[in-house]
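Structure below is target08.txt: compact mmCIF, C-alpha atoms and all ligand atoms.
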```txt
# COMPACT_ATOMS: atom_id res chain seq x y z
CA MET B 86 0.00 0.00 0.00
CA ILE B 87 2.94 2.33 0.65
CA ASN B 88 5.55 2.65 -2.05
CA ASN B 89 9.03 2.47 -0.50
CA LYS B 90 10.36 4.57 -3.36
CA LYS B 91 8.61 7.56 -1.80
CA ILE B 92 10.57 7.09 1.42
CA SER B 93 13.94 8.59 2.25
CA LYS B 94 16.66 5.95 1.65
CA PHE B 95 18.46 7.25 4.68
CA ALA B 96 15.40 6.62 6.88
CA ILE B 97 15.13 3.07 5.56
CA SER B 98 18.83 2.47 6.24
CA ILE B 99 18.37 3.64 9.84
CA ILE B 100 15.53 1.18 10.35
CA LYS B 101 17.66 -1.61 8.86
CA ASP B 102 20.49 -0.78 11.25
CA LEU B 103 18.11 -0.76 14.21
CA ASN B 104 16.77 -4.17 13.15
CA LYS B 105 20.33 -5.49 12.76
CA ASN B 106 20.93 -4.54 16.36
CA ASN B 107 17.78 -6.41 17.39
CA PHE B 108 15.66 -3.33 17.89
CA GLU B 109 12.33 -2.50 16.32
CA GLY B 110 12.15 0.47 13.97
CA TYR B 111 9.18 2.03 12.22
CA LEU B 112 8.32 5.12 10.30
CA VAL B 113 5.64 6.84 12.28
CA GLY B 114 3.28 9.79 12.43
CA GLY B 115 3.05 12.47 9.78
CA CYS B 116 5.06 10.66 7.12
CA VAL B 117 2.92 7.50 7.22
CA ARG B 118 -0.26 9.58 7.29
CA ASP B 119 0.87 11.76 4.37
CA LEU B 120 1.99 8.79 2.27
CA LEU B 121 -1.39 7.12 2.81
CA CYS B 122 -3.11 10.35 1.75
CA GLY B 123 -1.00 10.66 -1.38
CA LEU B 124 0.94 13.66 -0.10
CA GLU B 125 4.68 14.08 -0.02
CA PRO B 126 5.93 13.82 3.57
CA LYS B 127 7.79 16.82 4.93
CA ASP B 128 10.12 14.65 6.96
CA PHE B 129 10.47 11.07 8.15
CA ASP B 130 10.23 10.27 11.84
CA ILE B 131 11.22 6.93 13.29
CA ALA B 132 10.00 5.18 16.43
CA THR B 133 11.96 2.41 18.13
CA ASN B 134 12.15 0.38 21.31
CA ALA B 135 15.85 1.32 21.67
CA THR B 136 16.53 3.96 24.30
CA PRO B 137 18.11 7.24 23.18
CA GLU B 138 21.46 6.06 24.57
CA GLN B 139 21.21 2.79 22.63
CA VAL B 140 20.32 4.64 19.42
CA ARG B 141 23.20 7.03 19.98
CA LYS B 142 25.60 4.08 20.20
CA ILE B 143 24.46 2.56 16.90
CA PHE B 144 24.81 5.74 14.83
CA LYS B 145 28.08 7.59 14.82
CA ALA B 146 26.52 10.72 13.37
CA SER B 147 23.83 11.29 15.95
CA ARG B 148 23.07 13.35 19.00
CA ILE B 149 20.62 13.18 21.85
CA ILE B 150 18.46 16.27 22.12
CA GLY B 151 15.63 17.60 24.27
CA LYS B 152 14.83 17.49 27.91
CA ARG B 153 11.06 17.66 28.00
CA PHE B 154 11.02 15.06 25.27
CA LYS B 155 14.33 13.29 24.76
CA LEU B 156 15.06 11.95 21.30
CA VAL B 157 17.94 11.30 18.93
CA HIS B 158 18.83 13.16 15.78
CA VAL B 159 20.55 10.86 13.30
CA PHE B 160 22.03 12.71 10.37
CA ASN B 161 24.06 12.45 7.21
CA ARG B 162 25.21 15.24 4.93
CA SER B 163 21.81 16.20 3.69
CA GLU B 164 19.23 14.73 6.01
CA LEU B 165 18.31 14.70 9.64
CA ILE B 166 15.98 12.03 10.98
CA GLU B 167 14.35 12.06 14.39
CA VAL B 168 14.42 8.75 16.18
CA ALA B 169 12.12 8.63 19.20
CA THR B 170 11.89 5.87 21.77
CA PHE B 171 8.44 4.34 22.38
CA ARG B 172 6.82 6.09 25.32
CA SER B 173 4.11 4.82 27.60
CA GLY B 174 2.65 8.27 28.20
CA GLN B 175 1.55 7.08 31.62
CA ASP B 176 3.30 7.80 34.83
CA LEU B 177 2.86 4.42 36.46
CA THR B 178 6.15 4.57 38.28
CA ASN B 179 5.62 8.15 39.36
CA ASN B 180 9.34 8.59 39.53
CA GLY B 181 9.18 12.01 38.01
CA HIS B 182 9.67 11.26 34.35
CA LEU B 183 6.18 12.31 33.40
CA ILE B 184 5.59 15.62 35.04
CA LYS B 185 2.35 17.56 34.86
CA ASP B 186 1.49 21.02 36.17
CA GLN B 187 -1.73 21.99 37.99
CA SER B 188 -3.73 22.33 34.76
CA GLY B 189 -2.73 18.78 33.78
CA LYS B 190 -0.22 19.97 31.20
CA ILE B 191 2.58 17.49 30.59
CA ILE B 192 5.91 19.18 31.10
CA ARG B 193 8.13 16.17 30.80
CA ASP B 194 7.57 12.81 29.14
CA ASN B 195 10.47 10.39 29.20
CA ILE B 196 8.93 7.12 30.30
CA TRP B 197 9.75 4.42 27.81
CA GLY B 198 7.15 1.91 26.72
CA ASN B 199 6.26 -0.49 23.92
CA LEU B 200 4.67 0.19 20.55
CA ASP B 201 1.17 -0.33 21.81
CA GLU B 202 1.64 2.16 24.62
CA ASP B 203 3.38 4.59 22.27
CA THR B 204 0.28 4.56 20.08
CA TYR B 205 -1.89 5.93 22.88
CA ARG B 206 0.30 8.86 23.79
CA ARG B 207 0.01 10.26 20.25
CA ASP B 208 -2.50 12.98 19.47
CA PHE B 209 -4.81 11.79 16.69
CA THR B 210 -5.63 8.33 15.31
CA VAL B 211 -4.33 9.25 11.85
CA ASN B 212 -1.00 10.22 13.43
CA ALA B 213 -0.63 6.91 15.26
CA LEU B 214 0.24 4.58 12.38
CA TYR B 215 3.58 2.76 12.14
CA TYR B 216 5.05 1.42 8.95
CA SER B 217 7.95 -0.94 8.54
CA PRO B 218 9.53 -0.53 5.11
CA ILE B 219 11.09 -3.99 5.66
CA SER B 220 7.95 -6.02 6.36
CA LYS B 221 5.82 -3.46 4.50
CA LYS B 222 3.17 -3.74 7.18
CA ILE B 223 1.22 -0.91 8.77
CA ILE B 224 0.30 -1.28 12.43
CA GLY B 225 -0.71 1.06 15.24
CA HIS B 226 -4.01 2.60 16.31
CA LYS B 227 -6.92 0.38 15.34
CA ASN B 228 -8.93 3.29 13.95
CA GLY B 229 -6.04 4.99 12.19
CA MET B 230 -6.63 3.52 8.74
CA GLY B 231 -10.41 3.83 9.06
CA ASP B 232 -10.17 7.50 9.96
CA ILE B 233 -7.87 8.14 7.02
CA HIS B 234 -10.52 6.65 4.77
CA LYS B 235 -13.25 8.59 6.54
CA LYS B 236 -11.11 11.72 6.25
CA SER B 237 -11.55 12.51 9.87
CA ILE B 238 -9.33 13.96 12.62
CA VAL B 239 -10.21 12.03 15.76
CA SER B 240 -8.51 12.36 19.13
CA ILE B 241 -6.95 9.40 20.87
CA GLY B 242 -8.79 9.41 24.18
CA ASP B 243 -10.95 12.22 25.53
CA PRO B 244 -9.83 15.35 23.68
CA LYS B 245 -10.63 17.57 26.67
CA LYS B 246 -8.12 15.66 28.74
CA ARG B 247 -5.61 15.40 25.89
CA PHE B 248 -5.83 19.13 25.10
CA SER B 249 -5.31 19.95 28.78
CA GLU B 250 -2.18 17.80 28.74
CA ASP B 251 -0.96 19.70 25.70
CA PRO B 252 -3.01 22.68 24.47
CA VAL B 253 -1.01 22.88 21.21
CA ARG B 254 -3.03 19.87 20.06
CA SER B 255 -5.91 22.30 19.35
CA LEU B 256 -3.74 24.09 16.81
CA ARG B 257 -2.53 20.80 15.38
CA ALA B 258 -6.08 19.54 14.83
CA ILE B 259 -6.90 22.69 12.85
CA ARG B 260 -3.67 22.55 10.87
CA PHE B 261 -4.08 18.89 9.91
CA SER B 262 -7.73 19.26 8.98
CA ASN B 263 -6.81 21.96 6.45
CA LYS B 264 -3.71 20.24 5.17
CA LEU B 265 -5.43 16.89 4.62
CA GLU B 266 -8.90 18.29 3.90
CA PHE B 267 -10.23 16.17 6.76
CA LYS B 268 -13.13 17.12 8.98
CA ILE B 269 -12.61 17.70 12.67
CA ASP B 270 -14.46 15.30 14.92
CA LYS B 271 -17.26 16.92 16.94
CA LYS B 272 -15.66 16.06 20.27
CA ILE B 273 -12.48 17.79 19.20
CA LYS B 274 -14.42 20.91 18.23
CA GLU B 275 -15.96 21.02 21.69
CA ALA B 276 -12.56 20.52 23.28
CA ILE B 277 -11.09 23.38 21.24
CA TYR B 278 -13.82 25.72 22.46
CA GLU B 279 -13.39 24.58 26.02
CA LYS B 280 -9.62 24.24 26.26
CA GLY B 281 -8.34 26.64 23.61
CA ALA B 282 -7.63 29.34 26.17
CA LEU B 283 -4.95 27.12 27.72
CA LEU B 284 -2.79 28.14 24.76
CA ALA B 285 -2.02 31.29 26.71
CA GLY B 286 0.17 29.14 28.96
CA ILE B 287 2.36 27.74 26.19
CA SER B 288 5.88 29.12 25.85
CA ASN B 289 6.42 31.75 23.19
CA ALA B 290 9.24 29.66 21.68
CA ARG B 291 6.98 26.68 21.08
CA LEU B 292 4.22 28.89 19.69
CA PHE B 293 6.67 30.50 17.29
CA ASP B 294 7.49 27.01 15.94
CA GLU B 295 3.80 26.35 15.55
CA PHE B 296 3.29 29.81 13.99
CA CYS B 297 5.80 28.86 11.27
CA LYS B 298 4.16 25.49 10.63
CA ILE B 299 0.74 27.09 10.42
CA PHE B 300 1.60 30.12 8.30
CA LEU B 301 4.58 29.08 6.22
CA SER B 302 3.39 25.80 4.72
CA GLY B 303 1.14 27.05 1.95
CA MET B 304 -2.15 27.10 3.89
CA ALA B 305 -1.73 30.35 5.75
CA GLU B 306 -4.99 31.99 4.75
CA LYS B 307 -7.12 28.91 5.31
CA ASN B 308 -5.45 28.20 8.63
CA PHE B 309 -5.92 31.76 9.84
CA ASN B 310 -9.59 31.71 8.94
CA LYS B 311 -10.20 28.44 10.72
CA LEU B 312 -8.24 29.56 13.76
CA THR B 313 -10.34 32.72 13.81
CA SER B 314 -13.57 30.75 13.61
CA PHE B 315 -12.48 28.91 16.77
CA GLY B 316 -11.25 32.12 18.41
CA LEU B 317 -7.66 30.87 18.52
CA ASN B 318 -6.07 33.47 16.22
CA LYS B 319 -5.25 35.71 19.16
CA TYR B 320 -2.84 33.13 20.59
CA LEU B 321 -0.68 33.43 17.46
CA VAL B 322 -1.19 36.97 16.12
CA THR B 323 -1.81 40.07 18.22
CA THR B 324 -3.60 41.92 15.40
CA ASP B 325 -7.37 41.56 15.57
CA PRO B 326 -8.77 41.08 12.05
CA GLN B 327 -12.15 42.39 13.20
CA LYS B 328 -10.74 45.78 14.08
CA ASN B 329 -11.66 47.32 10.75
CA GLU B 330 -12.07 46.47 7.11
CA PHE B 331 -8.52 47.48 6.19
CA THR B 332 -7.00 45.26 8.89
CA LYS B 333 -9.06 42.29 7.82
CA LYS B 334 -8.12 42.77 4.19
CA LEU B 335 -4.46 43.39 4.89
CA LEU B 336 -4.15 40.21 6.94
CA SER B 337 -5.85 38.20 4.18
CA GLU B 338 -3.67 39.74 1.47
CA ALA B 339 -0.47 39.09 3.44
CA LEU B 340 -1.40 35.49 4.17
CA ARG B 341 -2.59 34.87 0.60
CA ASN B 342 0.64 36.37 -0.72
CA THR B 343 2.67 33.96 1.45
CA ASP B 344 0.70 31.00 0.10
CA LYS B 345 1.14 32.21 -3.46
CA ARG B 346 4.91 32.62 -3.05
CA LEU B 347 5.23 29.07 -1.74
CA LYS B 348 3.19 27.77 -4.63
CA ASN B 349 5.59 29.52 -7.01
CA ASN B 350 8.65 28.20 -5.15
CA LEU B 351 9.64 31.65 -3.94
CA SER B 352 11.24 32.11 -0.55
CA VAL B 353 9.17 33.10 2.47
CA THR B 354 10.35 34.33 5.83
CA PRO B 355 8.51 34.73 9.11
CA GLY B 356 10.01 38.23 9.27
CA PHE B 357 8.13 39.49 6.24
CA LEU B 358 4.87 37.95 7.35
CA ILE B 359 5.18 39.33 10.87
CA ALA B 360 5.96 42.81 9.51
CA ALA B 361 2.81 42.62 7.41
CA LEU B 362 0.56 41.16 10.10
CA LEU B 363 1.61 43.77 12.67
CA TRP B 364 1.39 46.77 10.33
CA PRO B 365 -2.18 47.71 11.26
CA GLU B 366 -1.17 47.67 14.93
CA LEU B 367 1.79 49.92 14.24
CA ILE B 368 -0.33 52.36 12.25
CA GLU B 369 -3.00 52.47 14.89
CA GLN B 370 -0.39 53.34 17.48
CA SER B 371 1.14 56.03 15.24
CA LEU B 372 -1.93 57.97 14.19
CA SER B 373 -2.53 61.41 15.45
CA LYS B 374 -5.48 63.31 13.97
CA ASN B 375 -5.68 60.84 11.09
CA GLU B 376 -2.07 61.44 10.11
CA ILE B 377 0.99 59.35 10.81
CA ASN B 378 2.95 60.95 13.57
CA LEU B 379 6.59 60.09 12.93
CA ARG B 380 7.70 60.23 16.51
CA LYS B 381 4.91 57.92 17.52
CA PHE B 382 5.67 55.65 14.58
CA PHE B 383 9.29 55.12 15.57
CA ARG B 384 8.46 54.79 19.23
CA SER B 385 5.72 52.23 18.60
CA MET B 386 7.81 49.82 16.53
CA ASP B 387 9.41 48.16 19.52
CA LYS B 388 6.21 48.19 21.49
CA VAL B 389 4.30 46.38 18.74
CA LEU B 390 7.10 43.85 18.30
CA ARG B 391 7.34 43.25 22.04
CA ARG B 392 3.63 42.53 22.30
CA GLN B 393 3.83 39.92 19.56
CA HIS B 394 7.08 38.50 20.97
CA LYS B 395 5.27 37.80 24.24
CA ILE B 396 2.97 35.32 22.53
CA THR B 397 5.16 33.92 19.74
CA ALA B 398 8.83 34.58 20.24
CA ILE B 399 10.26 36.60 17.35
CA PRO B 400 13.89 35.55 16.95
CA ARG B 401 16.29 38.48 17.30
CA LYS B 402 17.57 38.19 13.76
CA PHE B 403 14.16 39.23 12.41
CA HIS B 404 13.75 42.38 14.46
CA SER B 405 15.82 44.73 12.32
CA TYR B 406 14.44 43.14 9.16
CA ILE B 407 10.88 43.84 10.30
CA LYS B 408 11.69 47.41 11.30
CA ASP B 409 13.47 48.00 7.98
CA ILE B 410 10.35 46.99 6.09
CA TRP B 411 8.26 49.33 8.21
CA VAL B 412 10.58 52.33 7.91
CA LEU B 413 10.91 51.75 4.18
CA GLN B 414 7.14 52.11 3.84
CA LEU B 415 7.65 55.74 4.79
CA LYS B 416 10.63 56.14 2.51
CA LEU B 417 8.73 54.73 -0.46
CA HIS B 418 6.47 57.76 -0.21
CA SER B 419 9.38 60.13 -0.39
CA ARG B 420 10.63 60.45 -3.96
CA ILE B 421 12.44 63.76 -4.22
CA ASN B 422 15.95 64.20 -5.66
CA LYS B 423 18.27 61.36 -4.72
CA GLN B 424 15.90 59.72 -2.25
CA PRO B 425 14.44 57.11 -4.63
CA TYR B 426 17.95 55.92 -5.58
CA LYS B 427 18.87 55.50 -1.94
CA THR B 428 15.67 53.66 -1.16
CA PHE B 429 16.11 51.46 -4.21
CA LYS B 430 19.61 50.46 -3.06
CA HIS B 431 18.47 49.45 0.38
CA PRO B 432 18.98 45.69 0.90
CA ARG B 433 15.34 45.37 1.99
CA PHE B 434 13.92 47.38 -0.90
CA ARG B 435 12.40 44.38 -2.65
CA ALA B 436 10.64 43.16 0.48
CA ALA B 437 9.39 46.67 1.25
CA TYR B 438 8.11 47.11 -2.32
CA ASP B 439 6.33 43.74 -2.16
CA PHE B 440 4.68 44.87 1.05
CA LEU B 441 3.66 48.19 -0.50
CA LEU B 442 1.80 46.25 -3.20
CA ILE B 443 0.04 44.22 -0.53
CA ARG B 444 -0.95 47.39 1.32
CA GLU B 445 -2.32 48.90 -1.86
CA LYS B 446 -4.35 45.82 -2.63
CA ALA B 447 -5.79 45.77 0.85
CA ALA B 448 -6.65 49.46 0.71
CA ASN B 449 -8.25 49.31 -2.76
CA GLU B 450 -5.77 52.04 -3.59
CA LYS B 451 -5.39 53.24 -7.17
CA LYS B 452 -2.00 51.55 -7.14
CA TYR B 453 -0.37 54.81 -7.97
CA LEU B 454 2.67 54.57 -5.70
CA GLY B 455 3.27 50.89 -6.40
CA LYS B 456 3.07 51.56 -10.14
CA TRP B 457 5.54 54.42 -9.80
CA TRP B 458 8.05 52.11 -8.08
CA THR B 459 7.47 49.35 -10.60
CA ASP B 460 8.30 51.81 -13.39
CA PHE B 461 11.28 53.14 -11.51
CA GLN B 462 12.74 49.67 -11.09
CA ILE B 463 12.34 48.38 -14.60
CA ASN B 464 13.38 51.44 -16.58
CA ASP B 465 16.72 52.91 -17.53
CA ASP B 466 18.35 55.98 -16.01
CA ASN B 467 16.74 58.46 -18.37
CA ILE B 468 13.27 57.30 -17.58
CA LYS B 469 14.11 57.05 -13.88
CA ARG B 470 15.11 60.71 -13.98
CA SER B 471 11.98 61.73 -15.79
CA LEU B 472 9.85 59.82 -13.32
CA ILE B 473 11.36 61.91 -10.57
CA ASN B 474 11.16 65.14 -12.56
CA ASN B 475 7.57 64.61 -13.58
CA LEU B 476 6.84 64.09 -9.98
CA LYS B 477 8.55 67.34 -9.14
CA GLU B 478 6.48 69.26 -11.62
CA LYS B 479 3.17 67.66 -10.92
CA ASN B 480 3.31 66.48 -7.39
CA LEU B 481 5.86 68.54 -5.60
CA GLU B 482 3.45 69.45 -2.93
CA GLU B 483 2.37 65.93 -2.37
CA SER B 484 5.95 64.68 -2.34
CA MET B 485 6.94 67.34 0.10
CA LYS B 486 4.44 65.99 2.48
CA THR B 487 6.23 62.69 1.95
CA PHE B 488 4.89 60.84 4.91
CA GLY B 489 1.39 62.15 4.57
CA PHE B 490 -0.17 58.79 4.01
CA SER B 491 -3.43 58.91 2.18
CA GLN B 492 -6.10 57.65 4.48
CA GLU B 493 -6.89 54.62 2.32
CA LEU B 494 -3.33 53.42 2.35
CA ILE B 495 -3.05 52.83 6.04
P1 LIG B 501 3.88 17.54 10.18
O1 LIG B 501 5.31 17.08 10.26
O2 LIG B 501 3.26 17.49 8.85
O3 LIG B 501 3.67 18.83 10.88
P2 LIG B 501 3.46 15.38 12.00
O4 LIG B 501 2.24 14.59 12.33
O5 LIG B 501 4.63 14.63 11.47
O6 LIG B 501 3.01 16.50 11.02
P3 LIG B 501 5.22 16.21 14.07
O7 LIG B 501 5.14 17.40 14.93
O8 LIG B 501 6.35 16.04 13.15
O9 LIG B 501 3.85 16.17 13.28
O10 LIG B 501 5.12 14.96 15.05
C1 LIG B 501 5.31 13.62 14.63
C2 LIG B 501 4.32 12.71 15.36
O11 LIG B 501 4.53 12.80 16.76
C3 LIG B 501 2.87 13.06 15.15
O12 LIG B 501 2.35 12.48 13.99
C4 LIG B 501 2.22 12.50 16.40
O13 LIG B 501 2.04 11.13 16.32
C5 LIG B 501 3.27 12.76 17.46
N1 LIG B 501 3.08 14.08 18.08
C6 LIG B 501 3.67 15.24 17.75
N2 LIG B 501 3.27 16.25 18.52
C7 LIG B 501 2.42 15.72 19.40
C8 LIG B 501 1.68 16.25 20.48
N3 LIG B 501 1.74 17.53 20.79
N4 LIG B 501 0.90 15.39 21.18
C9 LIG B 501 0.84 14.08 20.86
N5 LIG B 501 1.51 13.53 19.86
C10 LIG B 501 2.28 14.33 19.13
MG MG B 502 6.60 15.37 11.04
```
Would you give me this structure, written as structure tokens?
Ligand code: ATP
Ligand code: MG
Amino acid sequence: MINNKKISKFAISIIKDLNKNNFEGYLVGGCVRDLLCGLEPKDFDIATNATPEQVRKIFKASRIIGKRFKLVHVFNRSELIEVATFRSGQDLTNNGHLIKDQSGKIIRDNIWGNLDEDTYRRDFTVNALYYSPISKKIIGHKNGMGDIHKKSIVSIGDPKKRFSEDPVRSLRAIRFSNKLEFKIDKKIKEAIYEKGALLAGISNARLFDEFCKIFLSGMAEKNFNKLTSFGLNKYLVTTDPQKNEFTKKLLSEALRNTDKRLKNNLSVTPGFLIAALLWPELIEQSLSKNEINLRKFFRSMDKVLRRQHKITAIPRKFHSYIKDIWVLQLKLHSRINKQPYKTFKHPRFRAAYDFLLIREKAANEKKYLGKWWTDFQINDDNIKRSLINNLKEKNLEESMKTFGFSQELI
């Protein structure tokens, strides 16, 4: 049923080596699920009854990682495969390996178990299937295959309890249902409504990882809409799409643009998306009598970033990138004398220009400024000069105002 040709050779070789050393080894989780659904797996995870230390000994190029959830990374030049030891998910010994906080959230899970037990600690039935590329058999949760055929995301065990143990499962249910075009089981829906708020207690680092999975895998717009319908958007993005029509449209345009870029094999970065998603917040903070107040604008940048960082960590390296895109939005309005050449040379010009087009789309603007910059980029020096000169003659006053954003554009 699964074609081994679709599986990473390196992953198969790891399973063979585990077997040679008398350990079990299976592909598990997302890769088995995706292969059964006819999708290309993002990565290949392996489950085994060998402990992390035993796995580490078999593979020279490997390292043990994680504390909350110990596992082994086995790598070669081009690939990295996660090898996880079967876990029981139940703290029978109570010797501190499975630690929960008051809300029932699991904060550490390092109790080894067998395959059957490992099945039950997984989140959804469709994620609890194990495939051996050697025997070519699929085993695991008894409903896993059935739910794949039924196209249904079903929790393993009571979702209210499972989502208390790990609130991120709410986000995962939504993400998988969009990715696979599966429906979400009714009990899960109820659990999301009831337990979704526990997401506020998840670390910003983990939510940033989830943010990237949700918004940088080609389903950003769909995922955002579904998150919003469950009221979970606020745990990932501080900007409220309901604030006004412009905000709603800008968020949609930015998310749609990310999806489109991925479809066309163009690069995407969380920095660009965050700059776009937070723009309405920044503008709101910077307005004074319906005009952008520059002092407020510059002062608010850090404030807006900090608020978002609290919920989904924004790695340091993106901060200046995000601020560059914002400041360049102002500079794109200023086109007198040498200014356009300077702006054009800025290393973030392209990103800033792309964002300008998104802003214009969202604002139903006449696309006048975006068109001007498109012309400026594609034409030779003579035309560049005349673009600036024409502007001087016709629009000097407007250009002088430079940062006087037209109301529609914000
Ligand atoms: P994708 O890689 O497409 O995001 P995935 O299902 O492979 O999807 P991973 O985060 O890579 O997701 O996790 C691999 C497997 O580990 C899952 O299929 C699931 O069985 C298990 N798993 C991951 N996260 C959790 C969780 N929070 N709770 C329970 N099981 C989980
Ligand atoms: Mg995976």
Ligand LIG 501 (chain B) neighbours within 7 Å using only C-alpha atoms and all ligand atoms, as a ChimeraX atom specification
/B:113-116,126-128,130,206-209,212-213,251,253-254,298
Excluding Lys328 in chain B and residues on its chain fewer than 4 positions from it, collect all residues at most 10 Å away from it, counting all atoms listed in the file, and give them as a PyMOL selection string.
chain B and resi 324+332-333+365-366
I'd like the interatomic distance between CA of Ser188 in chain B and CA of Ser249 in chain B, to a tenth of an Å.
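Between CA of Ser188 in chain B and CA of Ser249 in chain B the gap is 6.6 Å.
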Give me, as an NGL selection string, all polymer residues having an atom no more than 8 Å from Asn263 in chain B, counting all atoms listed in the file and skipping those fewer than 3 positions away in the same chain.
:B and (259-260 or 266-267 or 304 or 307-308)
Residues at most 8 Å from Ile443 in chain B, counting only C-alpha atoms, excluding those fewer than 4 positions away in the same chain, as a list in words?
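Contacts, with the query itself left out: Leu335, Glu338, Ala339, Asn342, Asp439 and Ala447 of chain B.
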One decimal, in Å: what's the spacing between CA of Ser419 in chain B and CA of Ile368 in chain B?
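Straight-line distance from CA of Ser419 in chain B to CA of Ile368 in chain B works out to 17.7 Å.
Put simply, CA of Asn375 in chain B is 16.9 Å away from CA of His418 in chain B.
Residues of protein, DNA or RNA having at least one counted atom within 9 Å of (22.2, 12.2, 10.8), given all atoms listed in the file, are Phe95, Phe144, Lys145, Ala146, Ser147, Arg148, His158, Val159, Phe160, Asn161, Arg162, Ser163, Glu164, Leu165, Ile166 and Glu167 of chain B.
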Residue among B:Asp186, B:Arg257, B:Lys90, B:Ala135 lying closest to ligand MG 502 (chain B), counting all atoms listed in the file
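Ranked by minimum distance to ligand MG 502 (chain B), first place goes to B:Arg257.
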Residues at most 9 Å from Pro326 in chain B, counting only C-alpha atoms, excluding those fewer than 3 positions away in the same chain, as number ranges by chain?
B: 313, 329-337
For each of B:Leu120, B:Ser371, B:Asn195, B:Tyr205, take the minimum atom-to-atom distance to ligand MG 502 (chain B), counting only C-alpha atoms and all ligand atoms, then give the residue where this is smallest.
B:Leu120
Residues proximal to (-0.8, 7.0, 12.4) were defined as those with any atom within 10 Å of that point in the file's coordinates, counting all atoms listed in the file. Which are they, as an MDAnalysis selection string?
chainID B and resid 112:119 121 204 207:216 223:230 232:233
Residues near Glu138 in chain B, cut-off 10 Å, all atoms listed in the file, skip fewer than 4 positions along chain, as a PyMOL selection string:
chain B and resi 142-143+148-149+156-157+170
Which of these residues is nearest to ligand MG 502 (chain B), using only C-alpha atoms and all ligand atoms: B:Val412, B:Thr136, B:Ala169, B:Glu275?
B:Ala169
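Minimum atom-to-atom distances from B:Lys91, B:Lys395, B:Arg141, B:Arg470 to Leu103 in chain B were compared using only C-alpha atoms, and the lowest value belongs to B:Arg141.
Each of B:Ala360, B:Leu441, B:Ile463, B:Glu369 was checked against Asp409 in chain B using all atoms listed in the file; the smallest atom-to-atom distance is that of B:Ala360.
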